[in-house]
Structures are given as structure tokens and as C-alpha cells.
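Some notes on the structure that comes next.
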Amino acid sequence: MKRLLSAMTLMAAVGVAQAQAQQHPPAAPSEQQAPQGAPEAGGLTWTSPAGWETQGARPMRVATYRIAPAKGDTDAAELAIFYFGAGQGGAVDANVKRWLGQFQKADGTPITEKDARSKKETVNGLAITTLDVKGTYTGGGPMMGPSTPKPGYRLLGAIAEGPEGPLFFKLTGPERTVASAEKGFRKLLESVKKK
């Protein structure tokens with residue numbers, strides 16, 4: 001009799017747990033809510049642009065956003081945000097040159113600083129260096145770019161010098177799609193501040 005009561009109690013407990021699970025199922029990984037508050041890394045915070053799709057975790061990145069293709073483009077654009085730690089990631093000028101090195105002209109010759117726009121400015125008390133370059137995107141290694149060159153691409157990059165090291169913002173994609181995201185990218189940069 002005791003065994004029967006124990007078995008019935010166990011079955012009732014399992015039934016209650018199953019009913020609760022059906023009423024409140026756990027969210028799938030892609031549906032889980034992001035933590036409240038602004039994203040942050042390296043002592044800096046920023047506001048994510050509305051309409052940009054947050055992507056899952058990726059190697060070496062603190063955040064990744066997908067920007068839907070503009071009319072006429074088939075590829076989406078992507079904003080990758082990197083933080084490597086205090087004193088890590090290399091000098092600002094070296095990173096600008098590295099990003100330039102990921103692009104070629106239509107004839108296959110390298111893009112130079114003369115072919116791009118670069119600017120140093122202060123935003124919310126932070127030194128920020130920006131880069132705007134167009135051409136054939138060749139990427140930057142096995143995890144950093146396309147497997148085949150992508151003509152007609154554009155990169156909007158920014159390096160924010162934060163209190164715990166630099167934060168790298170790299171938006172790449174087809175020229176039209178990146179152009180459609182340019183205002184959102186600028187708004188994101190203007191939202192970067194010390195936490």
C-alpha cells in the first residue's frame with residue numbers, strides 16, 4: 001500500500017511539473033531575452049540601433065548585429081564589435097591600416113589611405129577614430145571575412161578608446177546596405193560612453 005501511495009505521489013508530482021512546463025515552456029536559445037540595460041564592454045556602453053538583429057555569440061566578439069539587405073542587394077551587412085582586453089588589440093593606426101588591407105580596387109591593386117576617409121574625433125569625452133572604405137572586400141582571415149572576394153562592398157569602422165582598452169566597431173556589407181545603415185551606425189557611435 002505504501003509503495004502504491006508513493007508511486008501515485010510521484011506520478012502526481014510529475015504531472016504537475018509537466019503541466020507547468022506546458023504553461024510556461026522555457027524559451028528557445030534564440031528567443032531568450034537579452035539582459036536589461038545597454039550592451040557594454042571595456043568600460044563602455046552603447047545603444048543598439050532599432051531594427052538591427054542581434055546575433056548569437058561569435059568568437060572574439062562582444063556583439064554582432066545583422067542589417068537586412070537594402071533593395072537591390074542580396075547580402076546582409078554585419079556589424080561586429082570586438083574587445084580584446086586592456087592593452088590588447090593593437091594600436092589604432094595599425095588597425096586602420098589592417099582594415100584598409102582587407103580591401104582592393106576593382107583592378108586588384110591595394111586600397112590606400114588616399115582612397116578612404118579616416119577621421120579622429122571626440123565623442124562623449126572619448127577619442128574615436130573612424131574609417132570609411134569601399135571596394136572589393138577580401139576579408140581578414142578565416143573567421144573574419146568572406147572565402148571569396150566581394151566586389152562592391154563597404155566598411156564603416158570605428159575604434160573607441162575606452163578606459164579599459166579599445167572597442168572596435170566594424171560594419172561591412174554591400175555598399176547600398178551599408179549606406180542604408182550609415183545613420184544608425186553614426187547614432188550608435190554617438191551613444192558610446194563610459195559606463
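In the C-alpha cells, chains take letters A, B, ... by order of appearance, with residues numbered from 1 within each chain and ligands from 1 in the order shown.
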Handout entry: Long-range neighbours of Arg186 in chain A as a PyMOL selection string, 12 Å cut-off, only C-alpha atoms, 5 positions minimum in chain
Key = chain A and resi 46-49+123+128+130-132+156-158+169+171+178-181+191-192
Practice task
Find the spatial neighbours of range 74-88 of chain A, counting only C-alpha atoms, within a cut-off of 8 Å - ignore same-chain residues fewer than 4 positions away - and output them as a list in words.
Solution key: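 Result of the neighbour search: Ala41, Gly42, Met60, Arg61, Val62, Ala63, Thr64, Tyr65, Arg66, Ile67, Ala68, Pro69, Ala70, Glu164, Gly165, Pro166, Leu167, Phe168, Phe169, Lys170, Leu171, Thr172, Gly173, Pro174, Thr177 and Val178 of chain A.
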Exercise for the section: Pick out the closest residue to Ser118 in chain A from this set: A:Lys97, A:Gly135, A:Gly51, A:Gln104. Count only C-alpha atoms. Expected result: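 The answer is A:Lys97, which sits nearest to Ser118 in chain A.
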Practice task
Could you jot down the CA of Glu161 in chain A to CA of Leu126 in chain A separation for me, Å, one decimal place?
Solution key: 6.2 Å
Practice task
Determine which residues of range 137-192 of chain A DSSP labels as strand (DSSP E) from the backbone of this structure, then write them out as a ChimeraX atom specification.
Solution key: /A:137,150-162,165-174
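Between CA of Gly108 in chain A and CA of Ala91 in chain A lies a distance of 27.0 Å.
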Problem - Selected residue, from A:Ile159, A:Gly125, A:Val133, A:Thr138, that lies nearest to Gly90 in chain A when counting only C-alpha atoms - result: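 Of all the options, A:Ile159 lies closest to Gly90 in chain A.
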